[in-house]
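Q: After the structure tokens below, expect a handful of questions from me.
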Amino acid sequence: MIAYLTRRLIQAALILLGVSLITFALLYLLPADPVRQIAGRSATPQTVESIRQQLGLDQPFAVQYWRYLTNLVSGDLGRSYIQRSEVSELIVARLPASLLLMVGAIVCELVIGLSMGLIAAVKRGSATDQALMVGSFIGVSAPQFVVGLLLLYVFAVKLGWFPIGGYGTFSHMVLPSLTLGILGAGWYSRMMRSSMIDVLRQDYIRTARAKGLAQRAVLFGHALPNAILPVIAMIGIDIGMFMGGIVVVESVFGWPGIGQLAWQAIQRVDIPIIMGVTLVSACAIVLGNLLADIVAPFIDPRIKLR
Amino acid sequence: MTSPIAPEISAVAVPAKARAGVWRRLVRRPLALTGLVIIAITVAGALLAPYLTGYDPNEQMFDGLTLEGAPLPPSATFWLGTDLLGRDLLTRILHGARTSLIIGIVANGAALLIGTLVGITAGYFRGYVGAALMRFTDLMMAFPALLLAICLAAVFQPSLWIVAMVIALVNWVQTARIVFTETSSLAEREFIDAERTIGAGTARILFRHILPHLLPTIIVWGTLGISTTVLLEATLSYLGIGVQPPTASWGNIIFENQTYFQAAPWLVFFPGAAILALALAFNLVGDALRDILDPTQRGRA
Amino acid sequence: ATAQETLDPKAKQGGAITITYKDDVATLDPAIGYDWQNWSMIKSLFDGLMDYEPGTTTLRPELAESYEISPDGKTFTFKLRKGVKFHNGREMTADDVKYSLDRVTNPKTQSPGAGFFASINGYDDVAGGKSESLAGVTVVDPSTVRIELSRPDATFLHVMAINFSHVVPREEVERYGADFGKHPVGTGAYKMAEWTLGQRLVFERNADYWHKGLPYIDKITFEIGQEPIVALLRLQNGEVDVPGDGIPPAKFQEVMADPEQKARVVEGGQLQTGYVTMNTQMPPFDNVKVRQAVNMAINKDRIVKLINNRAVPANQPLPPSMPGYDKAFAGYAYDVDKAKALLGEAGHPQGFETELFVMNTDPNPRIAQAIQQDLAAIGIKASIQSLAQANVIAAGGEKGGAPMIWSGGMAWIADFPDPSNFYGPILGCSGAVQGGWNWAWYCNKELDEKAAAADSIVDPAKAEERAKLWGEIYAKVMADAPWAPVFNEQRFTMKSPRMGGDDKLYVDPVHIPINYDYVYVNDVQ
Amino acid sequence: MNAATHPKQAAGAPAPAADRPVLDVAGLTISVRGEDGERPVVSDLSFSLARGETLCIAGESGSGKSMTSLAIMALLPQPQARISAGSIRLGDTDLTSLDERRMRRIRGNRIAMIFQEPMTSLNPVLSIGRQLVEAIEAHTGVSSAESRRLAIEALTAVRIPEAESRLKQYPHELSGGMRQRVMIAMALALKPDVLIADEPTTALDVTVQGEVLELLRDLQRQHGTSVILITHDMGVVAEMADRVIIMRYGRMVEQGKVADIFERPQVDYTRDLLAAVPRMGTGGARQVPTDKAEPSQPTDVAVARDLHVRFDLTGGFFGRVNRRVHAVEGISFSIAANETLSLVGESGCGKSTTAKALAGLVPYHGELEIGGRNLKGLGREARKAVRRDVQMIFQDPYASLDPRMRVGDLVAEPLVIHDIGTPGERTERVAALFERVGLSVDQMERYPHEFSGGQRQRICIARALALRPKLIIADESVSALDVSVQARVLQLLKELQAEFGVAYLFISHDMAVVENISDRVAVMYLGQIVEMGTRDQIFSNPRHPYTRRLIEAVPVPDPQRRRARFARMEREIPSPVRKLGDAPRKLVLADVGGGHLVAESPVS
Ligand SMILES: Nc1ncnc2c1ncn2[C@@H]1O[C@H](COP(=O)(O)OP(=O)(O)OP(=O)(O)O)[C@@H](O)[C@H]1O
Ligand SMILES: Nc1ncnc2c1ncn2[C@@H]1O[C@H](COP(=O)(O)OP(=O)(O)OP(=O)(O)O)[C@@H](O)[C@H]1O
Ligand SMILES: [Mg+2]
Ligand SMILES: [Mg+2]
């Protein structure tokens, strides 16, 4: 286990290195010049050059990247060009909220998606199945901004069940998690339906039924653990896909996560923040995948950590 | 006690063409047929867009806005209403179908193709090829998709085909991962060994024997990918790195107008419904295809 | 005029208000902050030597009790107000004023406003890194500071009122270093009480404020990361007092249609102009006739309608409330036929193809599409490049980068209410350089000289004459037509029913969205 | 074990009176829907089962035996199959009209079933303890501690050693025999009135088979359970049955007391069936006369020299290889053209692995030659050519057929790959092959899952024959076949040998079949050969104690010679998994005359 973890962590570090290199290179190639943004409209070319030098942006790519890496090792992600604060500080302030939101969303996804998929698989071909399928596609196709506002309008403004945006308590979390989770729920329900249909025709399901188990026991005790495996593998992938949704959901609900930070940074080409957010999300994704891999053997004992 | 009974079955001659074509079986299913019709309508709409309505997609009509500058709801003149610039929404949705079909089908299809190829190769070949491919996939997967798309799109000059390429580049990873997992477990199955003993080549094993088993997964991911990619394109246009205005796409019609969804719900509803319909149509066809191609499901209505 | 007189007799002391913003507050360092969220926050945390009468563009002394201008207009002597204390309790002196000016001009500070101080003697040495101290700024005694300029500069008092010249305490700057912007300490009406990154900022009333009786409100909470539509919902729900980003376009008509809500909307002018730049160094826009044709082709009324009539059509660079605005100026009327004719004369009877750059946030792409359609009517096929702000700016700063740019979203909002502010970097030769902000790449040496001449009229008595001179300059600019001015945006600020104070405080030309120091709430006992 | 300690919940039907049949099937017709419409697979089947009775259903493979038992359980494959007529009565209750909820109370509790495929019938992700306990809990109200105790008791009853610690194990950690015993334990834990065992021993080797049969008998003796035993092994029938039903083409052709059936069969089919049963000691008489008394020319088709196959197991702290499965440990043999070498031995002794090495499916050490060509270091084309010469029939027919291809295409595939013939010719050849293995031509259009276990095996055989290879490796290829088909297939194999000089590596646990078909026999134990010689040397003069035990374990297809008890295995089969660097001792084979090799020291 420890050996496995060590190896995976080394692998993860290499992956992060690759991510940092590629992102850094892409950002280096961007047409926009951050120095001009910093220097402002009234700056003389001289000032611009001076700032460029101070930021080291006049150096060749390799030098810049190497410096970034060496700073990174000491936990220094640089300073934002626009906000002028330590990127690490900005991210640390916002990361917990995003992680919380992701956890909430994953819970929503799993609860909604898995139960929808399960029901659809069992009632395969029925009207219920069709309705659930349409539902899951609505979840996938609906723009999250609209979904978020709609939920906010109905459940917060009209019904007053939840606060209108904000951050802090559990009730603040419900609507944003739901909004973010709806998309994934659509995916999960399709995946779940598909793998459930597959599992339901296996011999061991027949055995379970031959024992006289109740339908519930067959479904949850026997089919689910087998069907859920491909779904678990998706959770790691999910975290990466959340990025897009998080931007929207966080802004609709005033949720202080890194999505908004990233969005503003992208708009204004605040490269250190983009780098930082990319790396942090990459970390989250890699860890998510690792977690999914570690969980898998608990669900399917045939899987060995390799 | 009982006497042997002549076997009825043995008298049967070689069956008259039991193999109805996939296509024939597809159109026999009402749901699949519905899906096909929707797809056909969409494609036709996209191709014939200039001839279907009396409007130009980019024409900002003076009578397309109220005096306060608000868009018009659906009416006899503008069947689906007008947008914030006084353009006919129906015409824009029809023209937008071109963009969205390219994204939802070509780009998404390319992503699916790349993902399947990478996943299947990595899953089947152990050793260096597989490991290298999977590490690369892991690397690509570690990127937050949106950020990567944004960076890529920003580096290139924005255009529809660049966006399509970027979307394909970003979206293949998940498919690759899932296909990899399934392929590696399929590769362990005994019938693959059996194929090898009769001398089947790698290509044959991969594409004739493993691929069909991956179809359900590929169909699920492919159909779900339609909506996701169409909306991703919209996000990119919204950030100024997608298709440029006034070119319409279903996604960017939604994105441009989503804040107005209470004041002018038709601006979000109709393009949203179009995306949903297309995705659903592909899903209906995909589901039917999956059943048809899966012999164990035969006998199902 | 002493400050005390401006106290509102109806105002009550106390209470707390909530203001929302969508985007992060970047930094509250007055030398650096240049966003419209932090601009007025900084104004409430810090003070400069000069300021404006609340709700107007009239200059008045602030930390300076009085000032003197030498007859040649090159030496300004400021007498400082006594007993002004920084939030840390230390008294502000002339040394702090000098330190602040030295700091903002020092390239290490990386201030986007350093260029405003270019007229101070010794600026070039500091900017070039040769000196750490501005030779032109002298501490005469603890309450007197003298500033010598290298040339007469009529805008200099405005420069002393902008944020970049606000006074900061050296010890705190050194203590926090690059993070001073997160721990602002000034002499302003409010002091920073709490800053939870990405969530909220809380300002607390500065009980020691030198301007006795101000501010009225005890606590201002800025909530960050709020979608404007949601902020409006919360306002309607009584949770928010002022949505900092204004009324979102999608909700504008709904709000204005409801008399109860409309009553809480304050409308006012803004020192802003939205315009299309045409790159005068790129064919075919190097031909003045083409540029004039573009000016005539744009249907400004329709564009104004598109943004729900939240602007007035413009025909010159200056906004109407700016001194020097020429009411009589006719500009180029909307005339498609004439525009076509002009294009024909310019040798493009069939029109041509070009590109129109625009920043990608609503409503700018829409406006660009409207312009695109208008241009198409005279044969100009402009394809739109809707990009992130930074990319548009980058393209504009490139010599052959962008033939046309719609300025919206990045549009020139005046740093200070003076006509010269619309010229230098965006129309003058100095801006027409690689990385500059003169996106029309318009360089008219003659006008540059005229502008310099106008700015050397320092005598306040001659302000009228100076404004006229500027009016002429802009008329000349319009004759060359490097821009097609489209509209001047109007400001619409919405407030909760409990907010009190004169309406003009809610559309204060320099405090956006509102002048925090002077507003109050009605529901305190 | 006292039945009274297991209070049975009131199930759907009242307990049957002693004189009345427990189960009564009348006019049962089962149809399946295929591409070409609905067709019956079981027609008008009627029988009854008395209390404590063992009813054996034997008959042709594909005759609807499994379908009948699934129908009784109301577990017919959905959505294709359904009961289209007839009734199944358990006591007074008609099971065909029960709703799912009431049927559930009967399943497992009153009727239990052991399925044909032991490998796939246990849920891979649940511990066997959990799977046992839940069966108990589903029908009794006992506490979880009590049901755990009952589960341990059931495992002990099926003679799984260390039952308590096994509860935590997962199916993949058990050998096939053990899995089958778990299945039986599960079926018996609740002491059902009726137990249906569908080929419970087909997949097991003789020693384990004896064990399992003994177990069934034990439990029946103790609890008076009625058993329906489906098998094609007439030896098993003779050992176990009270009454016998013979089925063919979905219909019952004969039923009667076991002695009657064996001694006075009424219909031709039964007579054929019995005549086809391979009997120990009679193999020589049934052999096609070939004159290869002296293998004069050394035209060896396949040679193995010091073949080793080891699988590394990783684990431990550093994820390194720390243990190794010594699946094949230095065996040598050669097979000449026209010759059949049989490989026998207990489950897990390395038979299949040897076969796979020969087929090029697992990496090995040592040397392998096919047709004089060393398998190591062959190019692409050469490898393909070798592939053409060696064909393998896998142990598990279902697993080795691509479930998504039509069987006709599957059989034609080798021809396509090696580019033989035109499409028309291929179809003809496939049709001919189908006929030769006893399948009808119209079945070519179907998919593997639409066939019975035995039919699938025949498809595999047809496939292997398609290329007319020089060597066919047959891994338990006829075990799943009913005796008449088995006889036909064996005959076919022999004919092919006579016609084309095909060599066979024949792997089987059925000693009778081995005796019937082999020229030479090799007995494997723990990855090594303990005895090898001609058929006569091995069967008439077994020298190694292990060989003797194998031969003794074979059930005799004669109800008169029914054994009171099968030999019990006194211990588990030792494991080929060993620590790194702890290679097993090499056995030295000594020639005891006439090429009869015997390991020098007996394994104990
Ligand atoms: N899922 C299915 N769909 C269609 N036909 C099927 C299906 N399963 C079985 N059959 C057909 O039903 C018939 C009876 O099959 P069954 O499995 O009962 O045979 P069996 O007597 O158990 O044979 P074996 O001894 O080989 O196991 C066979 O002809 C088979 O082809
Ligand atoms: N891929 C593998 N990895 C690890 N161990 C394996 C692998 N394949 C087979 N083994 C082990 O090698 C040994 C020999 O297996 P093999 O399948 O050859 O047995 P067999 O003699 O064919 O038995 P059976 O009669 O049950 O088919 C067994 O202990 C088995 O568990
Ligand atoms: Mg069967
Ligand atoms: Mg085997």
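Labels used: A, B, ... for chains in the order of the structure tokens, numbers from 1 for residues in each chain, and numbers from 1 for ligands as shown.
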Which residues sit within 7 Å of ligand 1, counting only C-alpha atoms and all ligand atoms, listed as a list in words?
A: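 With only C-alpha atoms and all ligand atoms and a cut-off of 7 Å, ligand 1 is contacted by Val32, Arg33, Gly34, Val41, Glu60, Ser61, Gly62, Ser63, Gly64, Lys65, Ser66, Met67, Thr68, Pro77, Gln80, Ala81, His232, Gly250, His449, Glu450, Phe451, Ser452, Gly453, Gly454, Gln455, Ala480, Leu481 and Asp482 of chain D.
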Q: Can you tell me, as a list in words, what residues are no more than 10 Å from Asp203 in chain A when counting only C-alpha atoms, ignoring any on the same chain fewer than 3 positions away?
A: Val199, Leu200, Arg206, Thr207, Ala208 and Arg209 of chain A; Phe115, Gln116, Glu117, Pro118, Met119, Thr120, Ser121, Leu122 and Asn123 of chain D
Q: The selected residues should be written to file as a PDB file, in the first residue's frame (atoms: N, CA and C atoms).
A:
```
ATOM      1  N   VAL A 199     -24.917  -5.785 -15.943  1.00  0.00           N
ATOM      2  CA  VAL A 199     -24.756  -6.615 -14.752  1.00  0.00           C
ATOM      3  C   VAL A 199     -25.994  -7.469 -14.512  1.00  0.00           C
ATOM      4  N   LEU A 200     -27.154  -6.886 -14.800  1.00  0.00           N
ATOM      5  CA  LEU A 200     -28.385  -7.604 -14.474  1.00  0.00           C
ATOM      6  C   LEU A 200     -28.538  -8.908 -15.249  1.00  0.00           C
ATOM      7  N   ARG A 206     -28.708 -14.153 -11.329  1.00  0.00           N
ATOM      8  CA  ARG A 206     -29.656 -15.269 -11.335  1.00  0.00           C
ATOM      9  C   ARG A 206     -29.507 -16.076 -10.048  1.00  0.00           C
ATOM     10  N   THR A 207     -28.271 -16.305  -9.641  1.00  0.00           N
ATOM     11  CA  THR A 207     -28.053 -17.033  -8.393  1.00  0.00           C
ATOM     12  C   THR A 207     -28.713 -16.305  -7.226  1.00  0.00           C
ATOM     13  N   ALA A 208     -28.493 -14.991  -7.192  1.00  0.00           N
ATOM     14  CA  ALA A 208     -29.050 -14.225  -6.073  1.00  0.00           C
ATOM     15  C   ALA A 208     -30.567 -14.349  -6.063  1.00  0.00           C
ATOM     16  N   ARG A 209     -31.149 -14.300  -7.242  1.00  0.00           N
ATOM     17  CA  ARG A 209     -32.598 -14.419  -7.288  1.00  0.00           C
ATOM     18  C   ARG A 209     -33.025 -15.834  -6.915  1.00  0.00           C
TER      19      ARG A 209
ATOM     20  N   PHE D 115     -26.289 -24.129 -10.237  1.00  0.00           N
ATOM     21  CA  PHE D 115     -26.256 -23.862 -11.671  1.00  0.00           C
ATOM     22  C   PHE D 115     -25.109 -24.568 -12.366  1.00  0.00           C
ATOM     23  N   GLN D 116     -25.280 -24.603 -13.692  1.00  0.00           N
ATOM     24  CA  GLN D 116     -24.330 -25.311 -14.536  1.00  0.00           C
ATOM     25  C   GLN D 116     -22.940 -24.680 -14.512  1.00  0.00           C
ATOM     26  N   GLU D 117     -22.864 -23.329 -14.441  1.00  0.00           N
ATOM     27  CA  GLU D 117     -21.551 -22.685 -14.512  1.00  0.00           C
ATOM     28  C   GLU D 117     -21.100 -22.218 -13.135  1.00  0.00           C
ATOM     29  N   PRO D 118     -20.246 -22.974 -12.495  1.00  0.00           N
ATOM     30  CA  PRO D 118     -19.849 -22.586 -11.149  1.00  0.00           C
ATOM     31  C   PRO D 118     -18.970 -21.337 -11.146  1.00  0.00           C
ATOM     32  N   MET D 119     -18.288 -21.080 -12.260  1.00  0.00           N
ATOM     33  CA  MET D 119     -17.339 -19.977 -12.286  1.00  0.00           C
ATOM     34  C   MET D 119     -18.036 -18.628 -12.233  1.00  0.00           C
ATOM     35  N   THR D 120     -19.188 -18.548 -12.881  1.00  0.00           N
ATOM     36  CA  THR D 120     -19.805 -17.231 -12.994  1.00  0.00           C
ATOM     37  C   THR D 120     -21.019 -17.074 -12.087  1.00  0.00           C
ATOM     38  N   SER D 121     -21.337 -18.109 -11.354  1.00  0.00           N
ATOM     39  CA  SER D 121     -22.579 -18.029 -10.605  1.00  0.00           C
ATOM     40  C   SER D 121     -22.443 -17.409  -9.221  1.00  0.00           C
ATOM     41  N   LEU D 122     -21.233 -17.125  -8.822  1.00  0.00           N
ATOM     42  CA  LEU D 122     -21.063 -16.426  -7.544  1.00  0.00           C
ATOM     43  C   LEU D 122     -20.719 -14.978  -7.816  1.00  0.00           C
ATOM     44  N   ASN D 123     -21.261 -14.106  -7.007  1.00  0.00           N
ATOM     45  CA  ASN D 123     -21.004 -12.676  -7.190  1.00  0.00           C
ATOM     46  C   ASN D 123     -19.549 -12.368  -6.843  1.00  0.00           C
TER      47      ASN D 123
END
```
Q: Taking only C-alpha atoms into account, report as a ChimeraX atom specification which residues of chain D lie within 10 Å of chain A.
A: /D:70,73-78,100-127,130-132,134-139,169-173,183,186-187,190,314-320
Q: For chain B, which residues have at least one atom within 8 Å of chain C, if we go by only C-alpha atoms? Write them as a PDB file with N, CA and C atoms, in the first residue's frame, please.
A:
```pdb
ATOM      1  N   ASN B  58     -28.368  37.311 -40.109  1.00  0.00           N
ATOM      2  CA  ASN B  58     -27.663  38.414 -39.463  1.00  0.00           C
ATOM      3  C   ASN B  58     -28.378  39.744 -39.627  1.00  0.00           C
ATOM      4  N   GLU B  59     -29.532  39.709 -40.239  1.00  0.00           N
ATOM      5  CA  GLU B  59     -30.203  40.973 -40.478  1.00  0.00           C
ATOM      6  C   GLU B  59     -30.877  41.468 -39.201  1.00  0.00           C
ATOM      7  N   GLN B  60     -30.446  42.639 -38.770  1.00  0.00           N
ATOM      8  CA  GLN B  60     -31.030  43.207 -37.553  1.00  0.00           C
ATOM      9  C   GLN B  60     -32.180  44.101 -37.983  1.00  0.00           C
ATOM     10  N   LEU B  67     -39.710  49.460 -29.032  1.00  0.00           N
ATOM     11  CA  LEU B  67     -39.110  50.797 -28.978  1.00  0.00           C
ATOM     12  C   LEU B  67     -38.098  50.916 -27.851  1.00  0.00           C
ATOM     13  N   GLU B  68     -38.325  50.126 -26.799  1.00  0.00           N
ATOM     14  CA  GLU B  68     -37.357  50.154 -25.694  1.00  0.00           C
ATOM     15  C   GLU B  68     -36.152  49.275 -25.996  1.00  0.00           C
ATOM     16  N   GLY B  69     -36.164  48.664 -27.150  1.00  0.00           N
ATOM     17  CA  GLY B  69     -35.022  47.829 -27.507  1.00  0.00           C
ATOM     18  C   GLY B  69     -35.147  46.400 -27.011  1.00  0.00           C
ATOM     19  N   ALA B  70     -36.362  45.973 -26.679  1.00  0.00           N
ATOM     20  CA  ALA B  70     -36.524  44.603 -26.196  1.00  0.00           C
ATOM     21  C   ALA B  70     -36.826  43.668 -27.358  1.00  0.00           C
ATOM     22  N   LEU B  84     -31.878  39.822 -29.217  1.00  0.00           N
ATOM     23  CA  LEU B  84     -31.628  41.149 -28.657  1.00  0.00           C
ATOM     24  C   LEU B  84     -31.230  42.166 -29.710  1.00  0.00           C
ATOM     25  N   LEU B  85     -30.863  41.682 -30.892  1.00  0.00           N
ATOM     26  CA  LEU B  85     -30.503  42.606 -31.957  1.00  0.00           C
ATOM     27  C   LEU B  85     -31.610  42.706 -32.998  1.00  0.00           C
ATOM     28  N   TYR B 238     -18.110  32.550 -25.873  1.00  0.00           N
ATOM     29  CA  TYR B 238     -18.412  33.564 -24.870  1.00  0.00           C
ATOM     30  C   TYR B 238     -17.130  34.237 -24.410  1.00  0.00           C
ATOM     31  N   LEU B 239     -16.068  33.464 -24.346  1.00  0.00           N
ATOM     32  CA  LEU B 239     -14.785  34.019 -23.929  1.00  0.00           C
ATOM     33  C   LEU B 239     -14.050  34.651 -25.091  1.00  0.00           C
ATOM     34  N   GLY B 240     -14.676  34.646 -26.249  1.00  0.00           N
ATOM     35  CA  GLY B 240     -14.028  35.265 -27.395  1.00  0.00           C
ATOM     36  C   GLY B 240     -13.052  34.351 -28.082  1.00  0.00           C
ATOM     37  N   ILE B 241     -13.115  33.053 -27.812  1.00  0.00           N
ATOM     38  CA  ILE B 241     -12.202  32.167 -28.520  1.00  0.00           C
ATOM     39  C   ILE B 241     -12.949  31.086 -29.266  1.00  0.00           C
ATOM     40  N   GLN B 244     -16.932  33.430 -34.138  1.00  0.00           N
ATOM     41  CA  GLN B 244     -17.110  34.854 -33.891  1.00  0.00           C
ATOM     42  C   GLN B 244     -18.505  35.321 -34.303  1.00  0.00           C
ATOM     43  N   PRO B 245     -19.057  36.270 -33.574  1.00  0.00           N
ATOM     44  CA  PRO B 245     -20.328  36.825 -34.001  1.00  0.00           C
ATOM     45  C   PRO B 245     -20.146  37.500 -35.362  1.00  0.00           C
ATOM     46  N   PRO B 246     -21.149  37.559 -36.184  1.00  0.00           N
ATOM     47  CA  PRO B 246     -22.522  37.162 -35.896  1.00  0.00           C
ATOM     48  C   PRO B 246     -22.823  35.698 -36.210  1.00  0.00           C
ATOM     49  N   GLU B 256     -25.352  34.070 -25.196  1.00  0.00           N
ATOM     50  CA  GLU B 256     -25.555  35.504 -25.351  1.00  0.00           C
ATOM     51  C   GLU B 256     -26.778  35.966 -24.577  1.00  0.00           C
ATOM     52  N   THR B 259     -28.796  35.588 -19.605  1.00  0.00           N
ATOM     53  CA  THR B 259     -29.220  36.473 -18.517  1.00  0.00           C
ATOM     54  C   THR B 259     -30.636  36.990 -18.749  1.00  0.00           C
ATOM     55  N   TYR B 260     -31.097  36.885 -19.986  1.00  0.00           N
ATOM     56  CA  TYR B 260     -32.425  37.388 -20.308  1.00  0.00           C
ATOM     57  C   TYR B 260     -33.494  36.325 -20.201  1.00  0.00           C
ATOM     58  N   ALA B 263     -36.733  37.630 -18.931  1.00  0.00           N
ATOM     59  CA  ALA B 263     -37.373  38.669 -19.735  1.00  0.00           C
ATOM     60  C   ALA B 263     -37.744  38.129 -21.112  1.00  0.00           C
TER      61      ALA B 263
END
```
Q: Quick one: residues within 10 Å of ligand 2, with only C-alpha atoms and all ligand atoms, as number ranges by chain?
A: B: 188; D: 172-177, 203-206, 309-313, 324-328, 343-357, 362, 394-396, 475-476, 507-509, 524-527, 573-577
Q: Within 6 Å of range 25-41 of chain B, counting only C-alpha atoms, which residues show up once you throw out same-chain ones fewer than 6 positions away? Write them as a PDB file with N, CA, C and O atoms, in the first residue's frame, please.
A:
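File selection_13.pdb, as written:
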```
ATOM      1  N   ALA B 281     -32.209  12.597 -29.869  1.00  0.00           N
ATOM      2  CA  ALA B 281     -32.385  11.836 -31.098  1.00  0.00           C
ATOM      3  C   ALA B 281     -31.230  10.866 -31.266  1.00  0.00           C
ATOM      4  O   ALA B 281     -31.434   9.685 -31.558  1.00  0.00           O
ATOM      5  N   LEU B 284     -31.637   8.071 -28.859  1.00  0.00           N
ATOM      6  CA  LEU B 284     -32.648   7.087 -29.244  1.00  0.00           C
ATOM      7  C   LEU B 284     -32.073   6.129 -30.276  1.00  0.00           C
ATOM      8  O   LEU B 284     -32.213   4.907 -30.170  1.00  0.00           O
ATOM      9  N   VAL B 285     -31.415   6.704 -31.270  1.00  0.00           N
ATOM     10  CA  VAL B 285     -30.825   5.860 -32.300  1.00  0.00           C
ATOM     11  C   VAL B 285     -29.734   4.991 -31.677  1.00  0.00           C
ATOM     12  O   VAL B 285     -29.650   3.789 -31.942  1.00  0.00           O
ATOM     13  N   ALA B 288     -31.135   2.149 -29.630  1.00  0.00           N
ATOM     14  CA  ALA B 288     -31.686   1.111 -30.494  1.00  0.00           C
ATOM     15  C   ALA B 288     -30.550   0.330 -31.137  1.00  0.00           C
ATOM     16  O   ALA B 288     -30.577  -0.898 -31.191  1.00  0.00           O
TER      17      ALA B 288
END
```
Q: Could you list the residues in chain D lying within 6 Å of chain B, using only C-alpha atoms, and format the result as an NGL selection string?
A: :D and (33-34 or 80 or 253-254 or 384 or 387 or 399-402 or 414 or 442)
Q: Output the contact residues of chain B with respect to chain A at a cut-off of 9 Å, based on only C-alpha atoms, as JSON, numbers by chain.
A: {"B": [135, 136, 138, 139, 140, 141, 142, 143, 144, 145, 146, 147, 148, 150, 151, 152, 154, 155, 156, 173, 174, 177, 178, 181, 182, 216, 217, 220, 221, 224, 225, 226, 227, 228, 230, 231, 232, 235, 239, 251, 254, 255, 258, 259, 261, 268, 272, 273, 275, 276, 279, 280, 283, 301]}
Q: Considering only C-alpha atoms, state which residue in the set A:Val252, A:Val73, A:Met102, A:Val48 is at the smallest distance from chain C.
A: A:Val252
Q: Just to confirm, what's the straight-line distance from CA of Ala127 in chain A to CA of Ile219 in chain B in Å (one decimal)?
A: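 For CA of Ala127 in chain A relative to CA of Ile219 in chain B, the distance reads 21.1 Å.
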Q: Within range 211-288 of chain B, find each residue whose DSSP state, derived from the backbone, is helix (DSSP H, G or I), and express the selection as a ChimeraX atom specification.
A: /B:211-238,250-260,266-288
Q: Quick one: DSSP strand (DSSP E or B) residues in range 340-588 of chain D, as JSON, numbers by chain?
A: {"D": [340, 341, 342, 343, 344, 345, 365, 366, 367, 368, 369, 370, 373, 374, 390, 391, 392, 393, 471, 472, 473, 474, 475, 503, 504, 505, 506, 507, 520, 521, 522, 523, 524, 525, 528, 529, 530, 531, 532, 533, 534, 577, 578, 579]}
Q: Restricting the calculation to only C-alpha atoms and all ligand atoms: of D:Gln560, D:Gln209, D:Thr231, D:Gln443, which residue gets closest to ligand 3?
A: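 With only C-alpha atoms and all ligand atoms as the atom set, the closest residue is D:Thr231.
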Q: CA of Trp210 in chain C to CA of Val242 in chain C: how many Å, to one decimal?
A: 26.5 Å
Q: List the spatial neighbours of Gly136 in chain C as a list in words - criterion: any atom at most 9 Å away, only C-alpha atoms, same-chain residues fewer than 3 positions off excluded.
A: Thr75, Ile120, Asn121, Gly122, Tyr123, Ser133, Arg146, Ile147, Glu148, Leu149 and Ser150 of chain C
Q: CA of Ile246 in chain D and CA of Val227 in chain D are how many Å apart?
A: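 These atoms are spaced 15.9 Å apart.
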Q: For chain C, report every residue with an atom at most 7 Å from chain A (counting only C-alpha atoms), formatted as an MDAnalysis selection string.
A: chainID C and resid 26:27 107 110:116 127 179 197:199 225:227 230 234 388:391 394 425 435:437
Q: Here is a test: counting only C-alpha atoms and all ligand atoms, which residue of D:Asp24, D:Glu435, D:Arg578, D:Ile393 is nearest to ligand 4?
A: D:Ile393
Q: Using only C-alpha atoms, which residues sit within 7 Å of Pro57 in chain B once same-chain residues fewer than 4 positions away are excluded, as a list in words?
A: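 In the requested form, the answer reads Arg87, Asp88, Thr91, Arg92 and His95 of chain B.
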